[in-house]
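Shown here: query.txt, compact mmCIF, C-alpha atoms and all ligand atoms.
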# COMPACT_ATOMS: atom_id res chain seq x y z
CA MET A 1 164.34 29.18 100.86
CA LYS A 2 160.86 27.78 101.42
CA VAL A 3 158.49 29.81 99.30
CA CYS A 4 154.76 29.40 99.04
CA ILE A 5 152.35 30.91 96.53
CA PHE A 6 148.95 31.32 98.16
CA GLY A 7 146.34 31.49 95.38
CA ALA A 8 148.27 30.29 92.35
CA GLY A 9 145.90 31.67 89.70
CA ALA A 10 147.05 34.02 86.92
CA VAL A 11 149.68 36.07 88.78
CA GLY A 12 150.57 33.38 91.32
CA GLY A 13 150.78 30.74 88.59
CA TYR A 14 153.18 32.98 86.65
CA LEU A 15 155.38 33.43 89.72
CA ALA A 16 155.30 29.74 90.64
CA ALA A 17 156.29 28.77 87.10
CA ARG A 18 159.16 31.26 86.94
CA ILE A 19 160.57 30.41 90.40
CA GLY A 20 160.04 26.68 89.87
CA HIS A 21 161.66 26.75 86.42
CA ALA A 22 164.73 28.58 87.75
CA ASN A 23 164.83 26.21 90.72
CA THR A 24 165.74 29.10 93.04
CA ALA A 25 163.56 27.99 95.96
CA GLN A 26 161.53 25.10 97.25
CA ILE A 27 158.16 26.13 95.87
CA SER A 28 154.73 25.07 97.16
CA VAL A 29 151.45 26.26 95.75
CA ILE A 30 148.05 26.62 97.35
CA ALA A 31 145.32 26.40 94.74
CA ARG A 32 141.89 24.83 94.54
CA GLY A 33 139.35 23.05 92.38
CA ALA A 34 140.04 21.80 88.86
CA HIS A 35 143.01 24.18 88.56
CA LYS A 36 144.70 22.60 91.59
CA ASP A 37 143.96 19.07 90.31
CA ALA A 38 145.47 19.92 86.91
CA ILE A 39 148.62 21.44 88.48
CA ALA A 40 149.03 18.39 90.74
CA ARG A 41 148.66 16.08 87.73
CA ASN A 42 150.47 17.91 84.95
CA GLY A 43 152.35 20.79 86.58
CA ILE A 44 151.79 24.48 85.83
CA ARG A 45 152.16 25.37 82.18
CA LEU A 46 153.12 28.96 81.44
CA ASP A 47 152.58 30.13 77.87
CA THR A 48 154.47 33.29 76.95
CA PRO A 49 155.13 35.03 73.63
CA GLU A 50 158.63 33.44 73.81
CA GLY A 51 157.39 29.87 74.36
CA SER A 52 156.00 27.55 77.05
CA ILE A 53 157.46 26.07 80.21
CA THR A 54 155.96 23.46 82.53
CA VAL A 55 156.89 23.25 86.20
CA HIS A 56 156.04 20.71 88.90
CA PRO A 57 155.98 22.45 92.32
CA SER A 58 157.22 20.51 95.36
CA LEU A 59 153.72 20.52 96.80
CA VAL A 60 150.31 21.43 95.40
CA THR A 61 147.48 21.58 97.87
CA ASP A 62 144.18 23.16 98.82
CA ARG A 63 144.97 22.42 102.46
CA PRO A 64 147.54 24.95 103.68
CA GLU A 65 147.71 23.14 107.01
CA GLU A 66 149.84 20.54 105.16
CA LEU A 67 152.63 23.08 104.74
CA PRO A 68 155.44 23.81 107.19
CA GLU A 69 156.37 27.39 108.07
CA GLN A 70 157.66 29.34 105.07
CA ASP A 71 160.38 31.94 104.63
CA LEU A 72 158.27 33.81 102.14
CA VAL A 73 154.60 33.65 101.19
CA PHE A 74 153.45 35.42 98.03
CA VAL A 75 149.77 36.16 98.55
CA THR A 76 148.28 36.26 95.06
CA LEU A 77 144.67 35.82 96.08
CA LYS A 78 142.09 38.31 94.89
CA VAL A 79 141.80 41.02 97.56
CA MET A 80 138.36 39.92 98.78
CA SER A 81 139.76 36.44 99.58
CA GLN A 82 142.68 37.73 101.67
CA SER A 83 140.88 38.38 104.92
CA ALA A 84 139.64 34.77 105.30
CA ALA A 85 143.24 33.59 104.85
CA ALA A 86 144.57 35.59 107.83
CA PRO A 87 144.86 32.70 110.35
CA VAL A 88 146.60 30.44 107.83
CA LEU A 89 148.96 33.24 106.79
CA ARG A 90 149.82 33.83 110.43
CA ARG A 91 150.80 30.19 110.84
CA LEU A 92 152.68 29.95 107.55
CA THR A 93 154.78 33.03 108.26
CA GLY A 94 155.66 31.80 111.78
CA ASP A 95 158.14 33.91 113.74
CA ARG A 96 160.56 34.73 110.91
CA GLY A 97 158.64 34.68 107.64
CA CYS A 98 156.70 37.40 105.87
CA ALA A 99 153.85 37.70 103.40
CA ILE A 100 154.19 39.72 100.20
CA PHE A 101 150.78 40.87 99.01
CA ALA A 102 150.98 40.97 95.21
CA ALA A 103 147.68 42.60 94.39
CA ASN A 104 146.06 45.59 92.76
CA GLY A 105 144.52 48.50 94.60
CA ILE A 106 144.90 49.95 98.07
CA PRO A 107 146.10 47.17 100.42
CA TRP A 108 144.67 46.32 103.84
CA TRP A 109 147.88 47.41 105.65
CA TRP A 110 147.77 50.93 104.10
CA LYS A 111 147.64 52.88 107.36
CA HIS A 112 150.28 50.83 109.19
CA GLY A 113 152.81 53.09 110.86
CA THR A 114 150.80 56.28 110.27
CA GLU A 115 149.30 58.43 113.00
CA HIS A 116 145.84 57.09 111.99
CA ALA A 117 146.92 53.42 112.05
CA ALA A 118 143.80 51.23 111.80
CA HIS A 119 142.34 48.46 109.71
CA LEU A 120 140.35 49.40 106.60
CA PRO A 121 136.81 48.02 106.89
CA LEU A 122 136.21 47.90 103.11
CA LEU A 123 139.21 45.59 102.64
CA ASP A 124 139.59 43.75 105.94
CA PRO A 125 136.03 43.83 107.27
CA ASP A 126 136.59 42.22 110.68
CA GLY A 127 140.21 43.33 111.00
CA ALA A 128 141.41 39.71 110.74
CA LEU A 129 144.49 40.60 108.68
CA TRP A 130 145.29 43.55 110.91
CA ASN A 131 144.82 41.68 114.19
CA ILE A 132 145.84 38.09 113.41
CA LEU A 133 148.49 38.40 110.70
CA ASP A 134 149.58 41.88 111.79
CA PRO A 135 150.89 44.46 109.29
CA SER A 136 154.44 44.00 110.59
CA ARG A 137 154.52 40.70 108.61
CA ALA A 138 153.27 42.28 105.37
CA LEU A 139 155.08 43.75 102.38
CA GLY A 140 153.45 45.28 99.32
CA CYS A 141 154.02 44.33 95.70
CA VAL A 142 152.82 46.25 92.66
CA VAL A 143 152.51 43.91 89.69
CA TYR A 144 153.12 44.97 86.11
CA SER A 145 152.62 41.59 84.44
CA ALA A 146 149.52 40.63 82.45
CA ASN A 147 148.36 37.04 82.96
CA GLU A 148 145.26 34.90 82.62
CA VAL A 149 144.35 31.32 83.53
CA ILE A 150 143.17 30.02 80.15
CA ALA A 151 142.50 26.41 81.20
CA PRO A 152 142.99 24.46 84.43
CA GLY A 153 146.73 24.37 85.10
CA VAL A 154 147.56 26.73 82.20
CA VAL A 155 148.51 30.41 82.54
CA ARG A 156 148.95 32.72 79.57
CA HIS A 157 151.35 35.63 80.00
CA LEU A 158 150.71 38.52 77.63
CA GLY A 159 153.47 40.94 78.52
CA ASN A 160 155.11 43.35 81.00
CA ASN A 161 157.54 42.21 83.68
CA ARG A 162 158.00 44.63 86.57
CA TRP A 163 157.35 43.80 90.20
CA VAL A 164 157.83 46.67 92.62
CA MET A 165 158.03 45.57 96.25
CA GLY A 166 158.26 47.59 99.43
CA GLU A 167 157.98 47.67 103.18
CA PRO A 168 155.11 49.83 104.46
CA ASP A 169 157.68 51.96 106.34
CA GLY A 170 159.90 52.37 103.26
CA SER A 171 162.92 50.57 104.74
CA ILE A 172 165.07 48.44 102.43
CA SER A 173 165.04 45.54 104.86
CA PRO A 174 166.94 42.24 104.54
CA ARG A 175 163.66 40.39 103.88
CA LEU A 176 162.80 42.80 101.08
CA GLN A 177 166.26 42.40 99.55
CA ALA A 178 165.97 38.61 99.80
CA ALA A 179 162.66 38.71 97.90
CA VAL A 180 164.14 40.94 95.18
CA GLN A 181 167.13 38.60 94.82
CA LEU A 182 164.91 35.55 94.57
CA MET A 183 162.81 37.16 91.85
CA GLN A 184 165.74 38.41 89.85
CA ALA A 185 167.43 35.00 90.00
CA SER A 186 164.15 33.57 88.66
CA GLY A 187 163.85 35.89 85.65
CA VAL A 188 161.21 38.06 87.31
CA ASN A 189 162.06 41.77 87.32
CA GLY A 190 161.62 42.46 91.02
CA GLU A 191 162.76 45.77 92.48
CA ALA A 192 162.74 47.31 95.94
CA SER A 193 160.98 50.64 96.45
CA PRO A 194 161.50 53.03 99.37
CA ASP A 195 158.01 54.44 98.71
CA ILE A 196 155.54 51.66 98.04
CA HIS A 197 152.56 53.95 98.76
CA THR A 198 153.41 56.15 95.77
CA GLU A 199 153.99 53.06 93.61
CA ILE A 200 150.55 51.76 94.57
CA TRP A 201 148.90 55.05 93.61
CA ALA A 202 150.72 55.01 90.26
CA LYS A 203 149.41 51.52 89.46
CA LEU A 204 145.91 52.55 90.54
CA LEU A 205 145.90 55.03 87.66
CA ARG A 206 145.83 51.95 85.43
CA ASN A 207 143.48 49.72 87.37
CA ALA A 208 140.77 52.19 88.41
CA THR A 209 140.42 53.02 84.72
CA LEU A 210 141.19 49.86 82.70
CA ASN A 211 139.80 47.29 85.11
CA SER A 212 136.61 49.23 85.87
CA LEU A 213 135.72 50.38 82.37
CA CYS A 214 136.61 47.04 80.75
CA ALA A 215 134.54 45.12 83.33
CA LEU A 216 131.56 47.47 82.88
CA THR A 217 131.70 47.41 79.08
CA ARG A 218 133.12 43.90 78.66
CA LEU A 219 135.59 45.33 76.14
CA PRO A 220 139.31 44.49 76.13
CA VAL A 221 141.63 47.47 76.60
CA ASP A 222 142.09 48.12 72.87
CA GLY A 223 138.27 48.15 72.60
CA LEU A 224 138.14 51.06 75.06
CA ALA A 225 140.71 52.94 73.03
CA GLU A 226 138.40 52.96 69.99
CA ASP A 227 135.78 55.04 71.81
CA PRO A 228 136.60 58.71 72.51
CA ALA A 229 133.84 59.01 75.13
CA LEU A 230 135.24 56.06 77.12
CA LEU A 231 138.75 57.45 76.83
CA ALA A 232 137.52 60.82 78.12
CA GLN A 233 135.87 59.09 81.11
CA ALA A 234 139.11 57.21 81.84
CA ASP A 235 141.16 60.40 81.59
CA THR A 236 138.86 62.05 84.14
CA VAL A 237 139.32 59.12 86.54
CA ILE A 238 143.10 59.45 86.10
CA ASP A 239 142.90 63.16 87.00
CA GLU A 240 140.76 62.43 90.07
CA ILE A 241 143.17 59.78 91.36
CA ILE A 242 146.11 62.15 90.94
CA SER A 243 144.23 64.70 93.08
CA VAL A 244 143.39 62.17 95.82
CA ALA A 245 146.94 60.82 95.89
CA SER A 246 148.29 64.36 96.16
CA ALA A 247 145.92 65.16 99.04
CA GLN A 248 147.17 61.99 100.72
CA GLY A 249 150.80 63.10 100.33
CA CYS A 250 151.87 61.22 97.16
CA ASP A 251 152.71 63.16 94.01
CA ILE A 252 152.05 61.03 90.92
CA THR A 253 151.48 63.90 88.49
CA ALA A 254 154.46 62.75 86.41
CA GLN A 255 152.61 59.46 85.78
CA ARG A 256 149.63 61.11 84.08
CA ALA A 257 151.02 60.98 80.54
CA ALA A 258 152.17 57.34 80.81
CA ALA A 259 148.79 56.22 82.20
CA ARG A 260 146.91 58.00 79.40
CA GLU A 261 149.30 56.56 76.84
CA GLN A 262 148.86 53.03 78.18
CA LEU A 263 145.09 53.26 77.72
CA ARG A 264 145.57 54.23 74.11
CA ARG A 265 148.05 51.41 73.44
CA GLY A 266 145.82 48.55 74.52
CA GLY A 267 147.43 48.30 77.96
CA ALA A 268 151.08 48.13 76.82
CA GLU A 269 153.46 49.62 79.38
CA GLY A 270 156.35 51.97 78.76
CA GLY A 271 156.66 52.22 74.98
CA ALA A 272 156.11 48.46 74.37
CA PRO A 273 154.23 47.68 71.13
CA PRO A 274 150.41 48.01 71.43
CA VAL A 275 148.67 44.90 72.81
CA LYS A 276 145.56 43.35 71.24
CA GLY A 277 142.80 41.79 73.31
CA LEU A 278 144.21 42.44 76.81
CA ARG A 279 141.53 41.54 79.34
CA PRO A 280 142.25 43.15 82.72
CA SER A 281 141.77 40.84 85.68
CA MET A 282 138.44 42.47 86.59
CA LEU A 283 137.12 41.81 83.09
CA GLN A 284 138.31 38.20 83.37
CA ASP A 285 136.30 37.94 86.59
CA ALA A 286 133.17 39.60 85.14
CA LEU A 287 133.22 37.26 82.13
CA ALA A 288 133.70 34.20 84.35
CA GLY A 289 130.90 35.31 86.71
CA ARG A 290 133.28 35.75 89.67
CA PRO A 291 133.20 38.54 92.28
CA LEU A 292 135.12 41.73 91.46
CA GLU A 293 137.86 43.58 93.36
CA VAL A 294 135.71 46.69 93.55
CA GLU A 295 136.65 47.94 96.99
CA ALA A 296 140.46 47.80 96.71
CA ILE A 297 140.49 49.35 93.25
CA VAL A 298 137.70 51.95 93.50
CA GLY A 299 135.80 51.87 96.82
CA GLN A 300 138.80 52.60 99.04
CA VAL A 301 139.92 55.36 96.67
CA GLN A 302 136.56 57.05 97.18
CA ALA A 303 136.88 56.57 100.96
CA LEU A 304 140.31 58.28 100.91
CA ALA A 305 138.93 61.07 98.68
CA GLN A 306 136.15 61.67 101.19
CA GLU A 307 138.67 61.67 104.04
CA SER A 308 140.68 64.36 102.20
CA ARG A 309 137.54 66.21 100.99
CA ILE A 310 138.49 65.83 97.31
CA PRO A 311 135.49 65.78 94.94
CA CYS A 312 135.56 62.78 92.58
CA PRO A 313 132.41 62.85 90.42
CA ALA A 314 133.66 60.28 87.89
CA ILE A 315 134.65 57.80 90.62
CA ASP A 316 131.33 58.49 92.38
CA THR A 317 129.56 57.47 89.16
CA ILE A 318 131.61 54.35 88.38
CA LEU A 319 131.62 52.94 91.91
CA PRO A 320 127.86 52.26 92.30
CA LEU A 321 127.80 50.70 88.82
CA LEU A 322 130.65 48.36 89.77
CA ARG A 323 129.08 47.56 93.12
CA GLY A 324 125.82 46.76 91.33
CA LEU A 325 127.60 44.54 88.80
CA ASN A 326 129.46 42.82 91.63
CA ARG A 327 126.22 42.21 93.51
CA SER A 328 124.70 40.58 90.44
CA LEU A 329 127.77 38.34 90.06
CA ILE A 330 127.80 37.30 93.73
CA ASN A 331 124.05 36.73 93.84
CA LYS A 332 123.65 34.84 90.59
CA SER A 333 119.94 34.37 91.24
CA LEU A 334 119.28 38.11 90.78
N1 LIG A 401 145.84 38.85 86.18
C1 LIG A 401 146.64 39.89 85.96
O1 LIG A 401 147.12 40.09 84.84
C2 LIG A 401 146.99 40.83 87.05
C3 LIG A 401 146.43 40.74 88.31
N2 LIG A 401 146.83 41.57 89.28
C4 LIG A 401 146.31 41.47 90.65
O2 LIG A 401 146.88 40.31 91.23
C5 LIG A 401 145.99 39.73 92.20
C6 LIG A 401 145.72 38.28 91.79
O3 LIG A 401 145.02 38.33 90.56
P1 LIG A 401 144.88 37.08 89.58
O4 LIG A 401 146.08 36.25 89.63
O5 LIG A 401 144.42 37.63 88.28
O6 LIG A 401 143.68 36.30 90.28
P2 LIG A 401 143.19 34.79 90.05
O7 LIG A 401 141.74 34.77 90.38
O8 LIG A 401 143.62 34.32 88.70
O9 LIG A 401 144.02 33.99 91.14
C7 LIG A 401 143.65 33.84 92.47
C8 LIG A 401 143.58 32.34 92.71
O10 LIG A 401 143.42 32.10 94.11
C9 LIG A 401 142.53 30.99 94.22
N3 LIG A 401 141.98 30.95 95.57
C10 LIG A 401 141.10 31.79 96.16
N4 LIG A 401 140.88 31.42 97.45
C11 LIG A 401 141.62 30.31 97.66
C12 LIG A 401 141.79 29.45 98.76
N5 LIG A 401 141.17 29.66 99.92
N6 LIG A 401 142.61 28.38 98.64
C13 LIG A 401 143.25 28.14 97.47
N7 LIG A 401 143.13 28.94 96.36
C14 LIG A 401 142.32 30.00 96.46
C15 LIG A 401 141.50 31.26 93.15
O11 LIG A 401 140.71 30.13 92.91
P3 LIG A 401 139.21 30.32 92.28
O12 LIG A 401 139.43 30.71 90.85
O13 LIG A 401 138.61 28.97 92.49
O14 LIG A 401 138.55 31.41 93.07
C16 LIG A 401 142.41 31.67 91.99
O15 LIG A 401 142.91 30.53 91.30
C17 LIG A 401 144.74 40.61 92.15
O16 LIG A 401 144.81 41.60 93.15
C18 LIG A 401 144.81 41.27 90.77
O17 LIG A 401 144.12 42.51 90.72
C19 LIG A 401 147.81 42.51 89.09
C20 LIG A 401 148.37 42.66 87.86
C21 LIG A 401 147.99 41.86 86.73
C1 LIG A 402 147.33 46.56 84.16
C2 LIG A 402 146.51 45.28 84.07
C3 LIG A 402 145.27 45.60 83.31
C4 LIG A 402 147.37 44.31 83.31
O1 LIG A 402 146.78 43.11 83.10
C5 LIG A 402 146.21 44.74 85.44
O2 LIG A 402 146.81 45.12 86.39
C6 LIG A 402 145.13 43.75 85.65
O3 LIG A 402 144.81 42.97 84.75
O4 LIG A 402 144.57 43.75 86.76
Show me, as C-alpha cells, the structure contained in the file I just sent.
Ligand SMILES: NC(=O)C1=CN([C@@H]2O[C@H](COP(=O)(O)OP(=O)(O)OC[C@H]3O[C@@H](n4cnc5c(N)ncnc54)[C@H](OP(=O)(O)O)[C@@H]3O)[C@@H](O)[C@H]2O)C=CC1
Ligand SMILES: CC(C)(CO)C(=O)C(=O)O
Amino acid sequence: MKVCIFGAGAVGGYLAARIGHANTAQISVIARGAHKDAIARNGIRLDTPEGSITVHPSLVTDRPEELPEQDLVFVTLKVMSQSAAAPVLRRLTGDRGCAIFAANGIPWWWKHGTEHAAHLPLLDPDGALWNILDPSRALGCVVYSANEVIAPGVVRHLGNNRWVMGEPDGSISPRLQAAVQLMQASGVNGEASPDIHTEIWAKLLRNATLNSLCALTRLPVDGLAEDPALLAQADTVIDEIISVASAQGCDITAQRAAAREQLRRGGAEGGAPPVKGLRPSMLQDALAGRPLEVEAIVGQVQALAQESRIPCPAIDTILPLLRGLNRSLINKSL
C-alpha cells in the first residue's frame, strides 16, 4: 500500500513512525520547514514512555507534487490548513484512493449525505474541499493519542492509543477495513465505527473544554483540575455540547461522566493513571504563537447550536475569547 501522511507534525509524526517502524506500507511524509529538514536528515524519532524508535520514511518532502497517487492519505494538518490542500489531496487520492481526516472538532464533510448537504463556511470557507476533493473521498478519524513535536524531527507521545475511523454514511467499506487493518498491523489501535458523527461529538466533549480552557489560561490539563471554578466552567461546556449533539440526533449522554473524569485526571482516558503536564494541541499552538483550531472545536459547535436553537451561554462566552486570542496570534503586530 502507498500511504502518505500529509502534515507530519505531532499526530502525523506518530502515525508515520508507527507505520514506518512496522514496515506495513510504503510511507511518504509531507512536512515543512526545519521539521521536514530534520526528518529528511535523521528520520522521525518517536519518544514514548516505553522507549524511542527512529524511522526513515521512503520520501520526505514539502512538495506533494513529487508524490505519485496514493492508496491512502492521512490528513493530519491542523483544520485551518486543510482547505488550501484540497487540490493536492484531489490529485494524491486519484480515482481509487481516499483521505482520512485525523483531526479534532467538527469536520468539513459533516453534512455529506444529509438532506442539508452543503459545505461549512467556517471550516471550508470557499468550499474547496467540498467541490474539489469531494466528500465521497473523505473518511473521518477521531484521535485519542496525545503527542507533541518537542524538537524538529522529534515527537513525544504521552499516552492513549485509540483511533476511531468511519465513513460519513456509516458503512463499513473495504477502504475503511483496509485502513483499520493497516493501523492494527502497525501497533496503532484503529477501529471502524458505524457512527462516526456520534464519535466526533464524544471527542468534542474533551476538546471544547480541555483545548479551549488550557489555551486561554495557558495551564496544562492537571493545572485546570486544581481550580474548582475552571472545572465548573468545563462541566457547563460539557453539558451544553451534550444538548447540542442531542438536538442534532446524537445521544452522548453516557459520555458525560467519562469526560468529567478525564478533566480531573489530567487528561488521562478511561481509567489510565493521571497524567502530569499534558498540553492539549491548542495550548501547544498558543504557546508557540501559531493559529488556533477555534472554528472546528468551538465555532462550528455554536453554529450547530444556533441551527437547533439550543442556548449555549458558556460556549457563547468562550468563543469570542478564543477568536480574540487567535486574532492576536495571527496578527502578531497587534
Ligand atoms: N497533538 C495531539 O496530541 C492531538 C491532536 N489532535 C488533532 O490532530 C490534528 C493534527 O494536530 P497536530 O498533529 O497536533 O498538529 P501539528 O501542528 O503538530 O501538525 C501539523 C503539521 O502540518 C504541517 N503543515 C501545515 N501545512 C503544511 C503544508 N502545506 N505542507 C506541509 N506541512 C504542513 C505543520 O507545519 P507548521 O508547524 O510549519 O505549521 C505541522 O508540522 C488537529 O486537528 C488536532 O486537533 C487530536 C488528538 C491529539
Ligand atoms: C484530548 C487531547 C487534549 C489529547 O492530547 C487532544 O485531543 C488534543 O491535544 O488536541
Would you write out, as JSON lines, a table of all residues in chain A that have an atom no more than 10 Å from an atom of ligand LIG 402 (chain A), listing for each the closest atom pair and the distance in Å to one decimal, considering only C-alpha atoms and all ligand atoms and ordering rows by chain and rising residue number?
{"residue": "A:Ala10", "atom": "CA", "partner": "A:LIG402", "partner_atom": "O3", "distance": 9.5}
{"residue": "A:Val11", "atom": "CA", "partner": "A:LIG402", "partner_atom": "O3", "distance": 9.4}
{"residue": "A:Ala103", "atom": "CA", "partner": "A:LIG402", "partner_atom": "O4", "distance": 8.3}
{"residue": "A:Asn104", "atom": "CA", "partner": "A:LIG402", "partner_atom": "O2", "distance": 6.4}
{"residue": "A:Gly105", "atom": "CA", "partner": "A:LIG402", "partner_atom": "O4", "distance": 9.2}
{"residue": "A:Val142", "atom": "CA", "partner": "A:LIG402", "partner_atom": "O2", "distance": 8.8}
{"residue": "A:Val143", "atom": "CA", "partner": "A:LIG402", "partner_atom": "O2", "distance": 6.7}
{"residue": "A:Tyr144", "atom": "CA", "partner": "A:LIG402", "partner_atom": "C1", "distance": 6.3}
{"residue": "A:Ser145", "atom": "CA", "partner": "A:LIG402", "partner_atom": "C4", "distance": 6.0}
{"residue": "A:Ala146", "atom": "CA", "partner": "A:LIG402", "partner_atom": "O1", "distance": 3.8}
{"residue": "A:Asn147", "atom": "CA", "partner": "A:LIG402", "partner_atom": "O1", "distance": 6.3}
{"residue": "A:Glu148", "atom": "CA", "partner": "A:LIG402", "partner_atom": "O3", "distance": 8.4}
{"residue": "A:His157", "atom": "CA", "partner": "A:LIG402", "partner_atom": "O1", "distance": 9.3}
{"residue": "A:Leu158", "atom": "CA", "partner": "A:LIG402", "partner_atom": "O1", "distance": 8.2}
{"residue": "A:Gly159", "atom": "CA", "partner": "A:LIG402", "partner_atom": "O1", "distance": 8.4}
{"residue": "A:Asn160", "atom": "CA", "partner": "A:LIG402", "partner_atom": "C4", "distance": 8.1}
{"residue": "A:Lys203", "atom": "CA", "partner": "A:LIG402", "partner_atom": "C1", "distance": 7.6}
{"residue": "A:Leu204", "atom": "CA", "partner": "A:LIG402", "partner_atom": "O2", "distance": 8.6}
{"residue": "A:Leu205", "atom": "CA", "partner": "A:LIG402", "partner_atom": "C1", "distance": 9.3}
{"residue": "A:Arg206", "atom": "CA", "partner": "A:LIG402", "partner_atom": "C1", "distance": 5.7}
{"residue": "A:Asn207", "atom": "CA", "partner": "A:LIG402", "partner_atom": "O2", "distance": 5.8}
{"residue": "A:Ala208", "atom": "CA", "partner": "A:LIG402", "partner_atom": "O4", "distance": 9.4}
{"residue": "A:Thr209", "atom": "CA", "partner": "A:LIG402", "partner_atom": "C3", "distance": 9.0}
{"residue": "A:Leu210", "atom": "CA", "partner": "A:LIG402", "partner_atom": "C3", "distance": 5.9}
{"residue": "A:Asn211", "atom": "CA", "partner": "A:LIG402", "partner_atom": "C3", "distance": 6.0}
{"residue": "A:Ser212", "atom": "CA", "partner": "A:LIG402", "partner_atom": "O4", "distance": 9.7}
{"residue": "A:Cys214", "atom": "CA", "partner": "A:LIG402", "partner_atom": "C3", "distance": 9.1}
{"residue": "A:Pro220", "atom": "CA", "partner": "A:LIG402", "partner_atom": "C3", "distance": 9.4}
{"residue": "A:Val221", "atom": "CA", "partner": "A:LIG402", "partner_atom": "C3", "distance": 7.9}
{"residue": "A:Ala259", "atom": "CA", "partner": "A:LIG402", "partner_atom": "C1", "distance": 10.0}
{"residue": "A:Gln262", "atom": "CA", "partner": "A:LIG402", "partner_atom": "C1", "distance": 8.9}
{"residue": "A:Leu263", "atom": "CA", "partner": "A:LIG402", "partner_atom": "C3", "distance": 9.5}
{"residue": "A:Gly266", "atom": "CA", "partner": "A:LIG402", "partner_atom": "C3", "distance": 9.3}
{"residue": "A:Gly267", "atom": "CA", "partner": "A:LIG402", "partner_atom": "C3", "distance": 6.4}
{"residue": "A:Ala268", "atom": "CA", "partner": "A:LIG402", "partner_atom": "C1", "distance": 8.4}
{"residue": "A:Glu269", "atom": "CA", "partner": "A:LIG402", "partner_atom": "C1", "distance": 8.4}
{"residue": "A:Leu278", "atom": "CA", "partner": "A:LIG402", "partner_atom": "O1", "distance": 6.8}
{"residue": "A:Arg279", "atom": "CA", "partner": "A:LIG402", "partner_atom": "O3", "distance": 6.5}
{"residue": "A:Pro280", "atom": "CA", "partner": "A:LIG402", "partner_atom": "O3", "distance": 3.3}
{"residue": "A:Ser281", "atom": "CA", "partner": "A:LIG402", "partner_atom": "O3", "distance": 3.8}
{"residue": "A:Met282", "atom": "CA", "partner": "A:LIG402", "partner_atom": "O4", "distance": 6.3}
{"residue": "A:Leu283", "atom": "CA", "partner": "A:LIG402", "partner_atom": "O3", "distance": 8.0}
{"residue": "A:Gln284", "atom": "CA", "partner": "A:LIG402", "partner_atom": "O3", "distance": 8.2}
{"residue": "A:Glu293", "atom": "CA", "partner": "A:LIG402", "partner_atom": "O4", "distance": 9.4}
{"residue": "A:Ile297", "atom": "CA", "partner": "A:LIG402", "partner_atom": "O4", "distance": 9.5}
Query raised in the report: Looking at all atoms listed in the file, which of A:Val298, A:Ala117, A:Ala185, A:Ala314 is the one that sits closest to ligand LIG 401 (chain A)?
Result: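 Counting all atoms listed in the file, the residue closest to ligand LIG 401 (chain A) is A:Val298.
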Query raised in the report: atom CA of A:Lys36 and atom CA of A:Gly12, how far apart in Å?
Result: 12.3 Å
Query raised in the report: From the set A:Gln82, A:Ser246, A:Thr93, A:Thr76, which residue has the shortest atom-to-atom contact distance to ligand LIG 401 (chain A), counting all atoms listed in the file?
Result: A:Thr76
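Proximity of A:Lys111, A:Pro274, A:Asp285, A:Leu216 to A:Pro320, computed with all atoms listed in the file, is greatest for A:Leu216.
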Requested in this report: Excluding A:Ile19 and any residue of its chain fewer than 4 positions from it, enumerate the residues within 10 Å of it, using only C-alpha atoms, and give them as a ChimeraX atom specification.
Outcome: /A:3,13-15,23-27,55,57,182-188
Query raised in the report: Can you list, as an MDAnalysis selection string, every protein, DNA or RNA residue that comes within 7 Å of A:Gln300 when you count all atoms listed in the file, leaving out same-chain residues fewer than 4 positions away?
Result: chainID A and resid 106 122 295:296 304
